[in-house]
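Everything on this sheet refers to the single structure shown next.
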Amino acid sequence: MMTTETPPNVCLKCRKLLDRASHPEAEPEPGDLSICIECGHVMVFDDGLRFRAPTPEESMRIATDERVRQMRANIQQRQRAMRARYN
Ligand SMILES: [Zn+2]
């Protein structure tokens with residue numbers, strides 16, 4: 001897993017500060033998807049590696065992308081485990 005520092009961004013949904021991106025083998029590039037580690041929200045890196053909302057076309061692709069579905073499931077599972085530990 002490669003982790004790359006990015007400009008500081010806040011999640012467009014939960015406002016978590018995010019300044020790193022992890023990927024199995026690549027650094028983030030404009031147009032790549034970013035999935036918030038906190039809430040699983042899916043965003044897109046713009047030309048300056050800042051978050052923007054997906055376009056309607058991108059949203060359609062995201063909705064049917066099996067890798068995105070799997071990653072979001074992993075994040076939600078981790079969140080449930082964290083909540084169970086602290087409740
Ligand atoms: Zn978030």
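To be explicit about the labels: the chains of the structure tokens are called A, B, and onward in the order shown, and within each one the residues are counted from 1, while ligands get numbers from 1 in the order they are shown.
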Close residues, Ser34 in chain A itself excluded, 8 Å, only C-alpha atoms, min 6 positions apart in chain, as a PyMOL selection string: chain A and resi 21+42-45+51
Show me, as a Markdown table, the residues of chain A having an atom within 12 Å of ligand 1, each with the closest atom pair and its distance in Å, using only C-alpha atoms and all ligand atoms.
| residue | atom | partner | partner_atom_place_in_ligand_line | distance |
| --- | --- | --- | --- | --- |
| A:Asn9 | CA | ligand 1 | 1 (Zn) | 10.5 |
| A:Val10 | CA | ligand 1 | 1 (Zn) | 7.8 |
| A:Cys11 | CA | ligand 1 | 1 (Zn) | 4.6 |
| A:Leu12 | CA | ligand 1 | 1 (Zn) | 6.6 |
| A:Lys13 | CA | ligand 1 | 1 (Zn) | 5.2 |
| A:Cys14 | CA | ligand 1 | 1 (Zn) | 4.1 |
| A:Arg15 | CA | ligand 1 | 1 (Zn) | 6.0 |
| A:Lys16 | CA | ligand 1 | 1 (Zn) | 5.6 |
| A:Leu17 | CA | ligand 1 | 1 (Zn) | 8.5 |
| A:Leu18 | CA | ligand 1 | 1 (Zn) | 8.8 |
| A:Ser34 | CA | ligand 1 | 1 (Zn) | 10.2 |
| A:Ile35 | CA | ligand 1 | 1 (Zn) | 7.9 |
| A:Cys36 | CA | ligand 1 | 1 (Zn) | 4.6 |
| A:Ile37 | CA | ligand 1 | 1 (Zn) | 6.6 |
| A:Glu38 | CA | ligand 1 | 1 (Zn) | 4.9 |
| A:Cys39 | CA | ligand 1 | 1 (Zn) | 4.1 |
| A:Gly40 | CA | ligand 1 | 1 (Zn) | 6.0 |
| A:His41 | CA | ligand 1 | 1 (Zn) | 5.3 |
| A:Val42 | CA | ligand 1 | 1 (Zn) | 8.4 |
| A:Met43 | CA | ligand 1 | 1 (Zn) | 9.5 |
| A:Phe51 | CA | ligand 1 | 1 (Zn) | 11.3 |
| A:Arg72 | CA | ligand 1 | 1 (Zn) | 11.1 |
| A:Ile75 | CA | ligand 1 | 1 (Zn) | 10.5 |
| A:Gln76 | CA | ligand 1 | 1 (Zn) | 11.3 |
| A:Gln79 | CA | ligand 1 | 1 (Zn) | 11.6 |
Alpha helix (DSSP H) per DSSP on the backbone: members of chain A, as a PDB file with N, CA and C atoms, in the first residue's frame:
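result-v4.pdb was written with the following content:
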ATOM      1  N   PRO A  56     -22.361  14.070 -12.538  1.00  0.00           N
ATOM      2  CA  PRO A  56     -23.408  13.031 -12.663  1.00  0.00           C
ATOM      3  C   PRO A  56     -22.890  11.775 -13.375  1.00  0.00           C
ATOM      4  N   GLU A  57     -22.064  11.961 -14.410  1.00  0.00           N
ATOM      5  CA  GLU A  57     -21.528  10.802 -15.124  1.00  0.00           C
ATOM      6  C   GLU A  57     -20.618   9.978 -14.220  1.00  0.00           C
ATOM      7  N   GLU A  58     -19.761  10.683 -13.468  1.00  0.00           N
ATOM      8  CA  GLU A  58     -18.873   9.965 -12.542  1.00  0.00           C
ATOM      9  C   GLU A  58     -19.681   9.252 -11.464  1.00  0.00           C
ATOM     10  N   SER A  59     -20.735   9.891 -10.997  1.00  0.00           N
ATOM     11  CA  SER A  59     -21.570   9.267  -9.967  1.00  0.00           C
ATOM     12  C   SER A  59     -22.180   7.965 -10.473  1.00  0.00           C
ATOM     13  N   MET A  60     -22.548   7.945 -11.742  1.00  0.00           N
ATOM     14  CA  MET A  60     -23.105   6.718 -12.324  1.00  0.00           C
ATOM     15  C   MET A  60     -22.057   5.608 -12.299  1.00  0.00           C
ATOM     16  N   ARG A  61     -20.824   5.958 -12.682  1.00  0.00           N
ATOM     17  CA  ARG A  61     -19.758   4.940 -12.693  1.00  0.00           C
ATOM     18  C   ARG A  61     -19.427   4.481 -11.280  1.00  0.00           C
ATOM     19  N   ILE A  62     -19.389   5.451 -10.344  1.00  0.00           N
ATOM     20  CA  ILE A  62     -19.074   5.114  -8.956  1.00  0.00           C
ATOM     21  C   ILE A  62     -20.103   4.133  -8.403  1.00  0.00           C
ATOM     22  N   ALA A  63     -21.365   4.376  -8.751  1.00  0.00           N
ATOM     23  CA  ALA A  63     -22.445   3.554  -8.195  1.00  0.00           C
ATOM     24  C   ALA A  63     -22.326   2.091  -8.607  1.00  0.00           C
ATOM     25  N   GLU A  66     -17.352  -2.015  -8.477  1.00  0.00           N
ATOM     26  CA  GLU A  66     -17.242  -3.031  -7.423  1.00  0.00           C
ATOM     27  C   GLU A  66     -16.130  -2.700  -6.428  1.00  0.00           C
ATOM     28  N   ARG A  67     -15.017  -2.126  -6.893  1.00  0.00           N
ATOM     29  CA  ARG A  67     -13.920  -1.787  -5.963  1.00  0.00           C
ATOM     30  C   ARG A  67     -14.376  -0.723  -4.972  1.00  0.00           C
ATOM     31  N   VAL A  68     -15.129   0.270  -5.464  1.00  0.00           N
ATOM     32  CA  VAL A  68     -15.641   1.315  -4.567  1.00  0.00           C
ATOM     33  C   VAL A  68     -16.589   0.698  -3.549  1.00  0.00           C
ATOM     34  N   ARG A  69     -17.465  -0.185  -4.018  1.00  0.00           N
ATOM     35  CA  ARG A  69     -18.421  -0.824  -3.109  1.00  0.00           C
ATOM     36  C   ARG A  69     -17.667  -1.580  -2.011  1.00  0.00           C
ATOM     37  N   GLN A  70     -16.633  -2.310  -2.414  1.00  0.00           N
ATOM     38  CA  GLN A  70     -15.861  -3.097  -1.450  1.00  0.00           C
ATOM     39  C   GLN A  70     -15.129  -2.207  -0.442  1.00  0.00           C
ATOM     40  N   MET A  71     -14.517  -1.125  -0.932  1.00  0.00           N
ATOM     41  CA  MET A  71     -13.787  -0.227  -0.023  1.00  0.00           C
ATOM     42  C   MET A  71     -14.737   0.445   0.968  1.00  0.00           C
ATOM     43  N   ARG A  72     -15.894   0.867   0.467  1.00  0.00           N
ATOM     44  CA  ARG A  72     -16.851   1.512   1.373  1.00  0.00           C
ATOM     45  C   ARG A  72     -17.345   0.519   2.412  1.00  0.00           C
ATOM     46  N   ALA A  73     -17.543  -0.731   2.001  1.00  0.00           N
ATOM     47  CA  ALA A  73     -17.972  -1.766   2.948  1.00  0.00           C
ATOM     48  C   ALA A  73     -16.898  -1.962   4.016  1.00  0.00           C
ATOM     49  N   ASN A  74     -15.625  -1.961   3.604  1.00  0.00           N
ATOM     50  CA  ASN A  74     -14.526  -2.123   4.569  1.00  0.00           C
ATOM     51  C   ASN A  74     -14.504  -0.966   5.563  1.00  0.00           C
ATOM     52  N   ILE A  75     -14.683   0.272   5.065  1.00  0.00           N
ATOM     53  CA  ILE A  75     -14.660   1.446   5.931  1.00  0.00           C
ATOM     54  C   ILE A  75     -15.825   1.387   6.921  1.00  0.00           C
ATOM     55  N   GLN A  76     -17.006   1.031   6.419  1.00  0.00           N
ATOM     56  CA  GLN A  76     -18.173   0.973   7.311  1.00  0.00           C
ATOM     57  C   GLN A  76     -18.003  -0.115   8.367  1.00  0.00           C
ATOM     58  N   GLN A  77     -17.389  -1.239   7.973  1.00  0.00           N
ATOM     59  CA  GLN A  77     -17.154  -2.326   8.922  1.00  0.00           C
ATOM     60  C   GLN A  77     -16.179  -1.862  10.014  1.00  0.00           C
ATOM     61  N   ARG A  78     -15.132  -1.141   9.589  1.00  0.00           N
ATOM     62  CA  ARG A  78     -14.151  -0.627  10.548  1.00  0.00           C
ATOM     63  C   ARG A  78     -14.829   0.351  11.509  1.00  0.00           C
ATOM     64  N   GLN A  79     -15.706   1.225  10.967  1.00  0.00           N
ATOM     65  CA  GLN A  79     -16.401   2.192  11.812  1.00  0.00           C
ATOM     66  C   GLN A  79     -17.282   1.499  12.838  1.00  0.00           C
ATOM     67  N   ARG A  80     -17.972   0.431  12.397  1.00  0.00           N
ATOM     68  CA  ARG A  80     -18.808  -0.309  13.347  1.00  0.00           C
ATOM     69  C   ARG A  80     -17.954  -0.922  14.445  1.00  0.00           C
ATOM     70  N   ALA A  81     -16.784  -1.453  14.078  1.00  0.00           N
ATOM     71  CA  ALA A  81     -15.898  -2.074  15.065  1.00  0.00           C
ATOM     72  C   ALA A  81     -15.399  -1.024  16.052  1.00  0.00           C
ATOM     73  N   MET A  82     -15.064   0.189  15.551  1.00  0.00           N
ATOM     74  CA  MET A  82     -14.586   1.269  16.431  1.00  0.00           C
ATOM     75  C   MET A  82     -15.693   1.675  17.403  1.00  0.00           C
ATOM     76  N   ARG A  83     -16.907   1.838  16.873  1.00  0.00           N
ATOM     77  CA  ARG A  83     -18.027   2.236  17.737  1.00  0.00           C
ATOM     78  C   ARG A  83     -18.270   1.178  18.803  1.00  0.00           C
ATOM     79  N   ALA A  84     -18.220  -0.087  18.412  1.00  0.00           N
ATOM     80  CA  ALA A  84     -18.472  -1.176  19.369  1.00  0.00           C
ATOM     81  C   ALA A  84     -17.429  -1.149  20.478  1.00  0.00           C
ATOM     82  N   ARG A  85     -16.192  -0.799  20.118  1.00  0.00           N
ATOM     83  CA  ARG A  85     -15.118  -0.787  21.103  1.00  0.00           C
ATOM     84  C   ARG A  85     -15.307   0.338  22.122  1.00  0.00           C
ATOM     85  N   TYR A  86     -15.827   1.493  21.680  1.00  0.00           N
ATOM     86  CA  TYR A  86     -15.899   2.658  22.567  1.00  0.00           C
ATOM     87  C   TYR A  86     -17.269   2.863  23.194  1.00  0.00           C
TER      88      TYR A  86
END
Members of chain A assigned strand (DSSP E) by DSSP, as an MDAnalysis selection string: chainID A and resid 2:10 17:23 33:35 42:45 51:52
Contacts of Pro7 in chain A at 8 Å or less, counting only C-alpha atoms, minus same-chain residues fewer than 4 places along, as a PDB file with N, CA and C atoms, in the first residue's frame?
ATOM      1  N   ASP A  19      -5.291  14.527   4.652  1.00  0.00           N
ATOM      2  CA  ASP A  19      -4.107  15.057   3.967  1.00  0.00           C
ATOM      3  C   ASP A  19      -3.198  13.945   3.447  1.00  0.00           C
ATOM      4  N   ARG A  20      -3.767  12.766   3.320  1.00  0.00           N
ATOM      5  CA  ARG A  20      -3.038  11.636   2.748  1.00  0.00           C
ATOM      6  C   ARG A  20      -3.997  10.809   1.924  1.00  0.00           C
ATOM      7  N   LEU A  49      -5.368  18.400  -6.737  1.00  0.00           N
ATOM      8  CA  LEU A  49      -5.574  17.334  -5.739  1.00  0.00           C
ATOM      9  C   LEU A  49      -6.440  17.801  -4.570  1.00  0.00           C
ATOM     10  N   ARG A  50      -7.347  18.721  -4.874  1.00  0.00           N
ATOM     11  CA  ARG A  50      -8.394  19.105  -3.920  1.00  0.00           C
ATOM     12  C   ARG A  50      -9.633  18.287  -4.248  1.00  0.00           C
TER      13      ARG A  50
END
Å distance separating CA of Met2 in chain A from CA of Thr55 in chain A, one decimal place: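 Separation of CA of Met2 in chain A and CA of Thr55 in chain A: 26.7 Å.
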Selection: 12 Å around Pro24 in chain A, only C-alpha atoms, excl. self and same-chain fewer than 5 positions, as number ranges by chain: A: 1-4
Just-selected residues, C-alpha atoms written as a short mmCIF file (atom, residue, chain, number, x, y, z; two decimals), in the first residue's frame:
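The resulting selection26.cif:
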data_model
loop_
_atom_site.label_atom_id
_atom_site.label_comp_id
_atom_site.auth_asym_id
_atom_site.auth_seq_id
_atom_site.Cartn_x
_atom_site.Cartn_y
_atom_site.Cartn_z
CA MET A 1 0.00 0.00 0.00
CA MET A 2 1.36 3.43 -0.97
CA THR A 3 0.40 6.44 1.14
CA THR A 4 0.94 9.87 -0.42
#
CA of Thr64 in chain A to CA of Asp46 in chain A, straight-line distance in Å: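 Rounded to one decimal, the two atoms are 21.4 Å apart.
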Between CA of Glu25 in chain A and CA of Pro8 in chain A - distance in Å to one decimal: 21.4 Å
